[in-house]
$ cat target00.cif   # mmCIF, N, CA and C atoms
data_data
loop_
_atom_site.label_atom_id
_atom_site.label_comp_id
_atom_site.auth_asym_id
_atom_site.auth_seq_id
_atom_site.Cartn_x
_atom_site.Cartn_y
_atom_site.Cartn_z
N MET A 1 0.85 -1.17 0.00
CA MET A 1 0.00 0.00 0.00
C MET A 1 0.90 1.24 0.00
N ASN A 2 0.66 2.14 -0.93
CA ASN A 2 1.52 3.34 -1.02
C ASN A 2 1.14 4.38 0.04
N ILE A 3 1.97 5.40 0.18
CA ILE A 3 1.79 6.41 1.23
C ILE A 3 0.44 7.10 1.13
N ASN A 4 0.07 7.57 -0.05
CA ASN A 4 -1.20 8.28 -0.20
C ASN A 4 -2.40 7.40 0.11
N THR A 5 -2.33 6.14 -0.25
CA THR A 5 -3.41 5.21 0.05
C THR A 5 -3.56 5.04 1.56
N LYS A 6 -2.43 4.95 2.26
CA LYS A 6 -2.46 4.82 3.72
C LYS A 6 -3.09 6.06 4.36
N LEU A 7 -2.69 7.24 3.89
CA LEU A 7 -3.22 8.48 4.46
C LEU A 7 -4.71 8.65 4.15
N LYS A 8 -5.12 8.25 2.96
CA LYS A 8 -6.54 8.33 2.61
C LYS A 8 -7.37 7.39 3.47
N LYS A 9 -6.78 6.29 3.91
CA LYS A 9 -7.46 5.36 4.81
C LYS A 9 -7.81 6.06 6.12
N ILE A 10 -6.88 6.84 6.65
CA ILE A 10 -7.13 7.62 7.87
C ILE A 10 -8.22 8.65 7.61
N ARG A 11 -8.06 9.41 6.52
CA ARG A 11 -9.05 10.44 6.17
C ARG A 11 -10.45 9.85 6.05
N ASP A 12 -10.57 8.77 5.30
CA ASP A 12 -11.88 8.18 5.05
C ASP A 12 -12.52 7.64 6.33
N LEU A 13 -11.71 7.05 7.19
CA LEU A 13 -12.21 6.55 8.46
C LEU A 13 -12.79 7.69 9.29
N LEU A 14 -12.06 8.80 9.40
CA LEU A 14 -12.49 9.92 10.23
C LEU A 14 -13.69 10.65 9.64
N VAL A 15 -13.67 10.88 8.33
CA VAL A 15 -14.80 11.55 7.68
C VAL A 15 -16.06 10.69 7.80
N GLY A 16 -15.88 9.38 7.77
CA GLY A 16 -17.02 8.47 7.95
C GLY A 16 -17.63 8.55 9.34
N LEU A 17 -16.83 8.95 10.32
CA LEU A 17 -17.32 9.07 11.69
C LEU A 17 -17.95 10.43 11.96
N PHE A 18 -17.37 11.49 11.36
CA PHE A 18 -17.80 12.84 11.71
C PHE A 18 -17.51 13.79 10.56
N GLU A 19 -18.51 14.53 10.14
CA GLU A 19 -18.36 15.39 8.96
C GLU A 19 -17.38 16.54 9.15
N HIS A 20 -17.24 17.04 10.36
CA HIS A 20 -16.33 18.16 10.60
C HIS A 20 -14.92 17.64 10.86
N THR A 21 -14.34 17.04 9.81
CA THR A 21 -13.00 16.47 9.87
C THR A 21 -12.13 17.22 8.88
N TYR A 22 -10.94 17.63 9.34
CA TYR A 22 -10.06 18.48 8.54
C TYR A 22 -8.64 17.94 8.54
N HIS A 23 -7.95 18.19 7.45
CA HIS A 23 -6.54 17.80 7.30
C HIS A 23 -5.69 19.04 7.60
N TYR A 24 -4.82 18.96 8.56
CA TYR A 24 -3.89 20.01 9.00
C TYR A 24 -4.52 21.07 9.91
N GLU A 25 -5.63 21.69 9.49
CA GLU A 25 -6.24 22.71 10.36
C GLU A 25 -7.73 22.82 10.06
N ALA A 26 -8.46 23.25 11.07
CA ALA A 26 -9.91 23.41 10.92
C ALA A 26 -10.22 24.79 10.35
N SER A 27 -11.38 24.88 9.73
CA SER A 27 -11.80 26.18 9.21
C SER A 27 -13.07 26.62 9.94
N GLY A 28 -13.12 27.87 10.32
CA GLY A 28 -14.30 28.39 10.99
C GLY A 28 -14.26 28.18 12.49
N GLU A 29 -15.27 28.66 13.13
CA GLU A 29 -15.40 28.56 14.58
C GLU A 29 -16.33 27.40 14.89
N LEU A 30 -15.77 26.33 15.40
CA LEU A 30 -16.55 25.13 15.72
C LEU A 30 -16.36 24.75 17.17
N ASN A 31 -17.36 24.09 17.73
CA ASN A 31 -17.27 23.60 19.10
C ASN A 31 -16.94 22.11 19.16
N ARG A 32 -16.90 21.46 18.00
CA ARG A 32 -16.61 20.03 17.95
C ARG A 32 -16.07 19.72 16.56
N TYR A 33 -14.83 19.25 16.51
CA TYR A 33 -14.23 18.94 15.22
C TYR A 33 -13.00 18.05 15.39
N ILE A 34 -12.60 17.44 14.28
CA ILE A 34 -11.41 16.58 14.22
C ILE A 34 -10.42 17.21 13.25
N VAL A 35 -9.16 17.21 13.64
CA VAL A 35 -8.07 17.60 12.75
C VAL A 35 -7.06 16.46 12.77
N TRP A 36 -6.62 16.04 11.59
CA TRP A 36 -5.61 14.99 11.54
C TRP A 36 -4.48 15.44 10.62
N ALA A 37 -3.30 14.87 10.83
CA ALA A 37 -2.15 15.20 9.99
C ALA A 37 -1.11 14.11 10.08
N GLU A 38 -0.44 13.87 8.99
CA GLU A 38 0.71 12.98 8.98
C GLU A 38 1.91 13.79 9.48
N ASP A 39 2.77 13.14 10.25
CA ASP A 39 3.92 13.83 10.83
C ASP A 39 5.25 13.41 10.20
N MET A 40 5.41 12.09 10.01
CA MET A 40 6.69 11.61 9.50
C MET A 40 6.59 10.13 9.16
N GLU A 41 7.63 9.63 8.55
CA GLU A 41 7.71 8.20 8.29
C GLU A 41 8.13 7.49 9.56
N GLY A 42 7.44 6.41 9.87
CA GLY A 42 7.81 5.58 11.01
C GLY A 42 8.88 4.58 10.60
N THR A 43 9.14 3.64 11.47
CA THR A 43 10.14 2.61 11.18
C THR A 43 9.60 1.68 10.10
N PRO A 44 10.26 1.66 8.94
CA PRO A 44 9.78 0.82 7.84
C PRO A 44 10.11 -0.65 8.08
N PHE A 45 9.48 -1.50 7.30
CA PHE A 45 9.74 -2.94 7.34
C PHE A 45 10.72 -3.28 6.21
N TYR A 46 11.83 -3.89 6.59
CA TYR A 46 12.84 -4.29 5.61
C TYR A 46 12.92 -5.81 5.55
N ALA A 47 13.12 -6.34 4.35
CA ALA A 47 13.34 -7.77 4.14
C ALA A 47 14.05 -7.94 2.82
N ASP A 48 14.80 -9.01 2.69
CA ASP A 48 15.52 -9.32 1.44
C ASP A 48 16.32 -8.12 0.94
N ASN A 49 17.03 -7.46 1.86
CA ASN A 49 17.90 -6.34 1.55
C ASN A 49 17.18 -5.15 0.91
N GLY A 50 15.93 -4.92 1.29
CA GLY A 50 15.22 -3.77 0.75
C GLY A 50 14.01 -3.40 1.59
N LYS A 51 13.53 -2.19 1.37
CA LYS A 51 12.33 -1.71 2.08
C LYS A 51 11.11 -2.37 1.46
N LYS A 52 10.34 -3.03 2.31
CA LYS A 52 9.14 -3.72 1.84
C LYS A 52 7.85 -2.98 2.18
N GLU A 53 7.89 -2.18 3.24
CA GLU A 53 6.67 -1.50 3.67
C GLU A 53 7.03 -0.17 4.32
N THR A 54 6.34 0.89 3.91
CA THR A 54 6.51 2.21 4.50
C THR A 54 5.44 2.40 5.57
N VAL A 55 5.85 2.95 6.69
CA VAL A 55 4.94 3.23 7.80
C VAL A 55 4.86 4.75 7.97
N MET A 56 3.64 5.27 8.03
CA MET A 56 3.44 6.71 8.25
C MET A 56 2.90 6.93 9.66
N GLN A 57 3.45 7.94 10.33
CA GLN A 57 3.00 8.32 11.66
C GLN A 57 2.29 9.67 11.58
N GLY A 58 1.34 9.86 12.48
CA GLY A 58 0.64 11.14 12.51
C GLY A 58 -0.18 11.29 13.77
N THR A 59 -1.00 12.33 13.78
CA THR A 59 -1.84 12.62 14.92
C THR A 59 -3.28 12.87 14.48
N ILE A 60 -4.17 12.53 15.38
CA ILE A 60 -5.59 12.82 15.22
C ILE A 60 -5.98 13.61 16.46
N ASP A 61 -6.60 14.76 16.26
CA ASP A 61 -7.01 15.61 17.38
C ASP A 61 -8.52 15.82 17.33
N LEU A 62 -9.16 15.54 18.45
CA LEU A 62 -10.58 15.81 18.61
C LEU A 62 -10.73 16.96 19.59
N TYR A 63 -11.48 17.98 19.18
CA TYR A 63 -11.79 19.12 20.03
C TYR A 63 -13.30 19.09 20.29
N THR A 64 -13.68 19.16 21.55
CA THR A 64 -15.09 19.07 21.90
C THR A 64 -15.38 19.82 23.18
N LYS A 65 -16.63 20.26 23.32
CA LYS A 65 -17.08 20.87 24.57
C LYS A 65 -17.84 19.84 25.41
N THR A 66 -18.06 18.66 24.84
CA THR A 66 -18.88 17.64 25.49
C THR A 66 -18.03 16.75 26.40
N GLU A 67 -18.35 16.77 27.67
CA GLU A 67 -17.68 15.87 28.61
C GLU A 67 -18.13 14.45 28.30
N PHE A 68 -17.21 13.51 28.31
CA PHE A 68 -17.48 12.10 27.97
C PHE A 68 -18.09 11.97 26.57
N ASP A 69 -17.55 12.70 25.63
CA ASP A 69 -18.04 12.71 24.25
C ASP A 69 -17.98 11.29 23.67
N PRO A 70 -19.09 10.75 23.15
CA PRO A 70 -19.08 9.41 22.58
C PRO A 70 -18.17 9.28 21.35
N LEU A 71 -17.83 10.40 20.72
CA LEU A 71 -16.94 10.36 19.56
C LEU A 71 -15.54 9.85 19.94
N VAL A 72 -15.15 10.04 21.20
CA VAL A 72 -13.85 9.51 21.66
C VAL A 72 -13.82 8.00 21.49
N ASP A 73 -14.85 7.32 21.97
CA ASP A 73 -14.92 5.85 21.83
C ASP A 73 -15.07 5.43 20.38
N GLN A 74 -15.85 6.19 19.61
CA GLN A 74 -16.05 5.84 18.20
C GLN A 74 -14.73 5.90 17.43
N ILE A 75 -13.93 6.93 17.67
CA ILE A 75 -12.63 7.04 17.00
C ILE A 75 -11.73 5.89 17.44
N HIS A 76 -11.65 5.69 18.74
CA HIS A 76 -10.77 4.65 19.29
C HIS A 76 -11.15 3.27 18.74
N GLU A 77 -12.43 2.95 18.73
CA GLU A 77 -12.90 1.65 18.24
C GLU A 77 -12.71 1.50 16.73
N ALA A 78 -12.96 2.57 15.97
CA ALA A 78 -12.80 2.49 14.51
C ALA A 78 -11.34 2.25 14.13
N LEU A 79 -10.42 2.89 14.82
CA LEU A 79 -8.99 2.66 14.57
C LEU A 79 -8.63 1.20 14.84
N ALA A 80 -9.12 0.66 15.95
CA ALA A 80 -8.84 -0.74 16.29
C ALA A 80 -9.46 -1.69 15.27
N GLU A 81 -10.69 -1.43 14.86
CA GLU A 81 -11.37 -2.29 13.89
C GLU A 81 -10.65 -2.31 12.54
N ASP A 82 -10.09 -1.17 12.14
CA ASP A 82 -9.35 -1.10 10.87
C ASP A 82 -7.89 -1.51 11.02
N LYS A 83 -7.56 -2.01 12.22
CA LYS A 83 -6.20 -2.48 12.52
C LYS A 83 -5.15 -1.40 12.29
N ILE A 84 -5.50 -0.18 12.71
CA ILE A 84 -4.57 0.94 12.66
C ILE A 84 -4.00 1.12 14.05
N SER A 85 -2.70 1.05 14.15
CA SER A 85 -2.03 1.20 15.43
C SER A 85 -2.22 2.64 15.92
N ALA A 86 -2.78 2.79 17.13
CA ALA A 86 -3.03 4.13 17.66
C ALA A 86 -3.10 4.07 19.18
N ARG A 87 -2.78 5.21 19.78
CA ARG A 87 -2.91 5.34 21.24
C ARG A 87 -3.28 6.77 21.56
N ILE A 88 -4.04 6.95 22.64
CA ILE A 88 -4.34 8.30 23.10
C ILE A 88 -3.07 8.84 23.75
N ALA A 89 -2.54 9.91 23.20
CA ALA A 89 -1.28 10.48 23.67
C ALA A 89 -1.49 11.57 24.72
N SER A 90 -2.63 12.27 24.64
CA SER A 90 -2.90 13.28 25.65
C SER A 90 -4.38 13.67 25.63
N VAL A 91 -4.82 14.15 26.79
CA VAL A 91 -6.15 14.75 26.94
C VAL A 91 -5.92 15.99 27.79
N GLN A 92 -6.43 17.11 27.29
CA GLN A 92 -6.23 18.35 28.02
C GLN A 92 -7.42 19.28 27.81
N TYR A 93 -7.62 20.14 28.78
CA TYR A 93 -8.66 21.16 28.68
C TYR A 93 -7.98 22.46 28.31
N GLU A 94 -8.49 23.11 27.28
CA GLU A 94 -7.89 24.35 26.81
C GLU A 94 -8.70 25.54 27.32
N ASP A 95 -8.13 26.28 28.25
CA ASP A 95 -8.82 27.41 28.89
C ASP A 95 -9.29 28.46 27.88
N GLU A 96 -8.44 28.75 26.92
CA GLU A 96 -8.73 29.83 25.98
C GLU A 96 -9.98 29.55 25.13
N THR A 97 -10.10 28.31 24.67
CA THR A 97 -11.23 27.95 23.80
C THR A 97 -12.34 27.23 24.56
N GLN A 98 -12.06 26.79 25.78
CA GLN A 98 -12.97 26.00 26.60
C GLN A 98 -13.34 24.69 25.93
N LEU A 99 -12.37 24.11 25.22
CA LEU A 99 -12.57 22.83 24.55
C LEU A 99 -11.71 21.76 25.21
N ILE A 100 -12.24 20.54 25.24
CA ILE A 100 -11.46 19.39 25.65
C ILE A 100 -10.75 18.89 24.40
N HIS A 101 -9.46 18.63 24.51
CA HIS A 101 -8.62 18.29 23.36
C HIS A 101 -8.01 16.91 23.57
N TYR A 102 -8.44 15.94 22.76
CA TYR A 102 -7.91 14.58 22.77
C TYR A 102 -6.94 14.44 21.61
N THR A 103 -5.79 13.80 21.84
CA THR A 103 -4.83 13.55 20.77
C THR A 103 -4.47 12.08 20.72
N TRP A 104 -4.59 11.50 19.53
CA TRP A 104 -4.13 10.14 19.28
C TRP A 104 -2.89 10.21 18.40
N ASP A 105 -1.92 9.35 18.67
CA ASP A 105 -0.80 9.11 17.76
C ASP A 105 -1.16 7.86 16.97
N PHE A 106 -0.97 7.88 15.66
CA PHE A 106 -1.28 6.69 14.85
C PHE A 106 -0.10 6.31 13.98
N GLU A 107 -0.10 5.05 13.57
CA GLU A 107 0.81 4.53 12.55
C GLU A 107 0.00 3.69 11.59
N VAL A 108 0.24 3.90 10.33
CA VAL A 108 -0.48 3.16 9.31
C VAL A 108 0.48 2.76 8.20
#
$ encode --input "target00.cif" --output "structure tokens"
Amino acid sequence: MNINTKLKKIRDLLVGLFEHTYHYEASGELNRYIVWAEDMEGTPFYADNGKKETVMQGTIDLYTKTEFDPLVDQIHEALAEDKISARIASVQYEDETQLIHYTWDFEV
């Protein structure tokens, strides 16, 4: 699977869960949205003296005003179902925007 196909897999999964999903940055003033971005190449798989598989790493960020937002579980479960390696890297409350900010690190 090539790099763009892997990244589109992330995009399609997130857009399928929630319409307010953006690549790199959100547009407009929203109280609930997802932003995702690829960050770098992860550790590739090598065999037979060559690179056999490229791994891309990135982040998924959910911003919400809803405490115990069900979208947190939906994202987490969808990543697991699609066998995308991911972990929640941080959860924080942002005073300035009054949004809860969840961040997942993923590899695909």
$ atom_distance --input "target00.cif" --atom1 "CA of Leu62 in chain A" --atom2 "atom C of Lys83 in chain A"
19.1 Å
$ resolve_selection --input "target00.cif" --expression "the PyMOL selection byres ((chain A and resi 95-107) around 5)" --output "number ranges by chain"
A: 56-65, 85-94, 108
$ write_last_selection --input "target00.cif" --atoms "N, CA and C atoms" --output "compact mmCIF listing (two decimals), in the frame of the given file"
# COMPACT_ATOMS: atom_id res chain seq x y z
N MET A 56 3.64 5.27 8.03
CA MET A 56 3.44 6.71 8.25
C MET A 56 2.90 6.93 9.66
N GLN A 57 3.45 7.94 10.33
CA GLN A 57 3.00 8.32 11.66
C GLN A 57 2.29 9.67 11.58
N GLY A 58 1.34 9.86 12.48
CA GLY A 58 0.64 11.14 12.51
C GLY A 58 -0.18 11.29 13.77
N THR A 59 -1.00 12.33 13.78
CA THR A 59 -1.84 12.62 14.92
C THR A 59 -3.28 12.87 14.48
N ILE A 60 -4.17 12.53 15.38
CA ILE A 60 -5.59 12.82 15.22
C ILE A 60 -5.98 13.61 16.46
N ASP A 61 -6.60 14.76 16.26
CA ASP A 61 -7.01 15.61 17.38
C ASP A 61 -8.52 15.82 17.33
N LEU A 62 -9.16 15.54 18.45
CA LEU A 62 -10.58 15.81 18.61
C LEU A 62 -10.73 16.96 19.59
N TYR A 63 -11.48 17.98 19.18
CA TYR A 63 -11.79 19.12 20.03
C TYR A 63 -13.30 19.09 20.29
N THR A 64 -13.68 19.16 21.55
CA THR A 64 -15.09 19.07 21.90
C THR A 64 -15.38 19.82 23.18
N LYS A 65 -16.63 20.26 23.32
CA LYS A 65 -17.08 20.87 24.57
C LYS A 65 -17.84 19.84 25.41
N SER A 85 -2.70 1.05 14.15
CA SER A 85 -2.03 1.20 15.43
C SER A 85 -2.22 2.64 15.92
N ALA A 86 -2.78 2.79 17.13
CA ALA A 86 -3.03 4.13 17.66
C ALA A 86 -3.10 4.07 19.18
N ARG A 87 -2.78 5.21 19.78
CA ARG A 87 -2.91 5.34 21.24
C ARG A 87 -3.28 6.77 21.56
N ILE A 88 -4.04 6.95 22.64
CA ILE A 88 -4.34 8.30 23.10
C ILE A 88 -3.07 8.84 23.75
N ALA A 89 -2.54 9.91 23.20
CA ALA A 89 -1.28 10.48 23.67
C ALA A 89 -1.49 11.57 24.72
N SER A 90 -2.63 12.27 24.64
CA SER A 90 -2.90 13.28 25.65
C SER A 90 -4.38 13.67 25.63
N VAL A 91 -4.82 14.15 26.79
CA VAL A 91 -6.15 14.75 26.94
C VAL A 91 -5.92 15.99 27.79
N GLN A 92 -6.43 17.11 27.29
CA GLN A 92 -6.23 18.35 28.02
C GLN A 92 -7.42 19.28 27.81
N TYR A 93 -7.62 20.14 28.78
CA TYR A 93 -8.66 21.16 28.68
C TYR A 93 -7.98 22.46 28.31
N GLU A 94 -8.49 23.11 27.28
CA GLU A 94 -7.89 24.35 26.81
C GLU A 94 -8.70 25.54 27.32
N VAL A 108 0.24 3.90 10.33
CA VAL A 108 -0.48 3.16 9.31
C VAL A 108 0.48 2.76 8.20
$ select_by_dssp --input "target00.cif" --residues "range 18-106 of chain A" --states "strand (DSSP E)" --output "PyMOL selection string"
chain A and resi 21-23+32-41+45-47+50-53+56-64+85-94+99-106
$ select_by_dssp --input "target00.cif" --residues "chain A" --states "alpha helix (DSSP H)" --output "list in words"
Ile3, Asn4, Thr5, Lys6, Leu7, Lys8, Lys9, Ile10, Arg11, Asp12, Leu13, Leu14, Val15, Gly16, Leu17, Pro70, Leu71, Val72, Asp73, Gln74, Ile75, His76, Glu77, Ala78, Leu79, Ala80 and Glu81 of chain A
$ resolve_selection --input "target00.cif" --expression "the PyMOL selection byres (((chain A and resi 36 and name CA) around 8) and name CA)" --output "list in words"
Arg11, Thr21, Tyr22, His23, Tyr24, Glu25, Ile34, Val35, Ala37, Glu38, Gly58, Thr59, Ile60 and Asp61 of chain A
$ axis_aligned_box --input "target00.cif" --around "range 37-46 of chain A" --padding-each-side "3 Å" --output "JSON"
{"center_x": 4.8, "center_y": 4.7, "center_z": 8.5, "size_x": 22.2, "size_y": 27.0, "size_z": 11.9}
$ closest_residue --input "target00.cif" --among "A:Gly50, A:Ala26, A:Leu13, A:Glu19" --to "Ile75 in chain A" --atoms "all atoms listed in the file"
A:Leu13
$ decode --input "target00.cif" --residues "range 4-15 of chain A" --atoms "all heavy atoms" --output "PDB file, in the first residue's frame"
ATOM      1  N   ASN A   4       0.072   7.571  -0.049  1.00  0.00           N
ATOM      2  CA  ASN A   4      -1.199   8.283  -0.196  1.00  0.00           C
ATOM      3  C   ASN A   4      -2.399   7.396   0.112  1.00  0.00           C
ATOM      4  O   ASN A   4      -3.378   7.855   0.701  1.00  0.00           O
ATOM      5  CB  ASN A   4      -1.321   8.897  -1.586  1.00  0.00           C
ATOM      6  CG  ASN A   4      -0.446  10.123  -1.731  1.00  0.00           C
ATOM      7  OD1 ASN A   4      -0.266  10.879  -0.789  1.00  0.00           O
ATOM      8  ND2 ASN A   4       0.116  10.313  -2.907  1.00  0.00           N
ATOM      9  N   THR A   5      -2.328   6.144  -0.253  1.00  0.00           N
ATOM     10  CA  THR A   5      -3.412   5.208   0.054  1.00  0.00           C
ATOM     11  C   THR A   5      -3.556   5.039   1.562  1.00  0.00           C
ATOM     12  O   THR A   5      -4.671   5.026   2.090  1.00  0.00           O
ATOM     13  CB  THR A   5      -3.160   3.848  -0.624  1.00  0.00           C
ATOM     14  OG1 THR A   5      -3.073   4.056  -2.042  1.00  0.00           O
ATOM     15  CG2 THR A   5      -4.265   2.863  -0.320  1.00  0.00           C
ATOM     16  N   LYS A   6      -2.432   4.947   2.262  1.00  0.00           N
ATOM     17  CA  LYS A   6      -2.465   4.823   3.720  1.00  0.00           C
ATOM     18  C   LYS A   6      -3.091   6.064   4.359  1.00  0.00           C
ATOM     19  O   LYS A   6      -3.906   5.960   5.269  1.00  0.00           O
ATOM     20  CB  LYS A   6      -1.050   4.616   4.267  1.00  0.00           C
ATOM     21  CG  LYS A   6      -0.460   3.271   3.940  1.00  0.00           C
ATOM     22  CD  LYS A   6       0.996   3.203   4.370  1.00  0.00           C
ATOM     23  CE  LYS A   6       1.635   1.946   3.891  1.00  0.00           C
ATOM     24  NZ  LYS A   6       1.766   0.926   4.898  1.00  0.00           N
ATOM     25  N   LEU A   7      -2.694   7.241   3.892  1.00  0.00           N
ATOM     26  CA  LEU A   7      -3.218   8.478   4.461  1.00  0.00           C
ATOM     27  C   LEU A   7      -4.705   8.652   4.147  1.00  0.00           C
ATOM     28  O   LEU A   7      -5.472   9.128   4.989  1.00  0.00           O
ATOM     29  CB  LEU A   7      -2.414   9.671   3.967  1.00  0.00           C
ATOM     30  CG  LEU A   7      -0.950   9.683   4.423  1.00  0.00           C
ATOM     31  CD1 LEU A   7      -0.208  10.851   3.788  1.00  0.00           C
ATOM     32  CD2 LEU A   7      -0.837   9.710   5.942  1.00  0.00           C
ATOM     33  N   LYS A   8      -5.121   8.250   2.963  1.00  0.00           N
ATOM     34  CA  LYS A   8      -6.536   8.331   2.613  1.00  0.00           C
ATOM     35  C   LYS A   8      -7.373   7.385   3.466  1.00  0.00           C
ATOM     36  O   LYS A   8      -8.548   7.659   3.741  1.00  0.00           O
ATOM     37  CB  LYS A   8      -6.741   8.043   1.125  1.00  0.00           C
ATOM     38  CG  LYS A   8      -6.256   9.177   0.240  1.00  0.00           C
ATOM     39  CD  LYS A   8      -6.389   8.823  -1.221  1.00  0.00           C
ATOM     40  CE  LYS A   8      -5.821   9.923  -2.104  1.00  0.00           C
ATOM     41  NZ  LYS A   8      -5.851   9.543  -3.528  1.00  0.00           N
ATOM     42  N   LYS A   9      -6.776   6.293   3.908  1.00  0.00           N
ATOM     43  CA  LYS A   9      -7.462   5.356   4.809  1.00  0.00           C
ATOM     44  C   LYS A   9      -7.813   6.060   6.123  1.00  0.00           C
ATOM     45  O   LYS A   9      -8.932   5.929   6.628  1.00  0.00           O
ATOM     46  CB  LYS A   9      -6.579   4.135   5.059  1.00  0.00           C
ATOM     47  CG  LYS A   9      -7.208   3.087   5.922  1.00  0.00           C
ATOM     48  CD  LYS A   9      -6.293   1.865   6.046  1.00  0.00           C
ATOM     49  CE  LYS A   9      -6.946   0.805   6.904  1.00  0.00           C
ATOM     50  NZ  LYS A   9      -6.138  -0.394   7.045  1.00  0.00           N
ATOM     51  N   ILE A  10      -6.879   6.844   6.652  1.00  0.00           N
ATOM     52  CA  ILE A  10      -7.133   7.618   7.870  1.00  0.00           C
ATOM     53  C   ILE A  10      -8.219   8.654   7.605  1.00  0.00           C
ATOM     54  O   ILE A  10      -9.187   8.786   8.367  1.00  0.00           O
ATOM     55  CB  ILE A  10      -5.839   8.310   8.365  1.00  0.00           C
ATOM     56  CG1 ILE A  10      -4.798   7.293   8.806  1.00  0.00           C
ATOM     57  CG2 ILE A  10      -6.148   9.310   9.482  1.00  0.00           C
ATOM     58  CD1 ILE A  10      -5.136   6.542  10.055  1.00  0.00           C
ATOM     59  N   ARG A  11      -8.059   9.407   6.521  1.00  0.00           N
ATOM     60  CA  ARG A  11      -9.048  10.441   6.173  1.00  0.00           C
ATOM     61  C   ARG A  11     -10.446   9.853   6.051  1.00  0.00           C
ATOM     62  O   ARG A  11     -11.403  10.361   6.644  1.00  0.00           O
ATOM     63  CB  ARG A  11      -8.658  11.109   4.854  1.00  0.00           C
ATOM     64  CG  ARG A  11      -9.657  12.166   4.403  1.00  0.00           C
ATOM     65  CD  ARG A  11      -9.614  12.441   2.930  1.00  0.00           C
ATOM     66  NE  ARG A  11      -9.942  11.243   2.158  1.00  0.00           N
ATOM     67  CZ  ARG A  11      -9.644  11.096   0.867  1.00  0.00           C
ATOM     68  NH1 ARG A  11      -9.027  12.046   0.207  1.00  0.00           N
ATOM     69  NH2 ARG A  11      -9.977   9.987   0.231  1.00  0.00           N
ATOM     70  N   ASP A  12     -10.574   8.766   5.298  1.00  0.00           N
ATOM     71  CA  ASP A  12     -11.885   8.178   5.051  1.00  0.00           C
ATOM     72  C   ASP A  12     -12.518   7.643   6.330  1.00  0.00           C
ATOM     73  O   ASP A  12     -13.724   7.781   6.535  1.00  0.00           O
ATOM     74  CB  ASP A  12     -11.771   7.071   4.002  1.00  0.00           C
ATOM     75  CG  ASP A  12     -11.379   7.602   2.633  1.00  0.00           C
ATOM     76  OD1 ASP A  12     -11.427   8.830   2.411  1.00  0.00           O
ATOM     77  OD2 ASP A  12     -10.981   6.778   1.784  1.00  0.00           O
ATOM     78  N   LEU A  13     -11.711   7.046   7.190  1.00  0.00           N
ATOM     79  CA  LEU A  13     -12.212   6.548   8.459  1.00  0.00           C
ATOM     80  C   LEU A  13     -12.790   7.693   9.289  1.00  0.00           C
ATOM     81  O   LEU A  13     -13.907   7.607   9.807  1.00  0.00           O
ATOM     82  CB  LEU A  13     -11.087   5.847   9.231  1.00  0.00           C
ATOM     83  CG  LEU A  13     -11.433   5.301  10.607  1.00  0.00           C
ATOM     84  CD1 LEU A  13     -10.719   3.985  10.832  1.00  0.00           C
ATOM     85  CD2 LEU A  13     -11.049   6.277  11.698  1.00  0.00           C
ATOM     86  N   LEU A  14     -12.057   8.795   9.398  1.00  0.00           N
ATOM     87  CA  LEU A  14     -12.489   9.924  10.231  1.00  0.00           C
ATOM     88  C   LEU A  14     -13.686  10.652   9.641  1.00  0.00           C
ATOM     89  O   LEU A  14     -14.628  10.995  10.355  1.00  0.00           O
ATOM     90  CB  LEU A  14     -11.320  10.881  10.458  1.00  0.00           C
ATOM     91  CG  LEU A  14     -10.155  10.291  11.270  1.00  0.00           C
ATOM     92  CD1 LEU A  14      -8.973  11.236  11.260  1.00  0.00           C
ATOM     93  CD2 LEU A  14     -10.593   9.940  12.679  1.00  0.00           C
ATOM     94  N   VAL A  15     -13.669  10.883   8.333  1.00  0.00           N
ATOM     95  CA  VAL A  15     -14.802  11.552   7.680  1.00  0.00           C
ATOM     96  C   VAL A  15     -16.059  10.693   7.804  1.00  0.00           C
ATOM     97  O   VAL A  15     -17.159  11.219   7.967  1.00  0.00           O
ATOM     98  CB  VAL A  15     -14.477  11.870   6.200  1.00  0.00           C
ATOM     99  CG1 VAL A  15     -15.712  12.310   5.433  1.00  0.00           C
ATOM    100  CG2 VAL A  15     -13.390  12.936   6.115  1.00  0.00           C
TER     101      VAL A  15
END
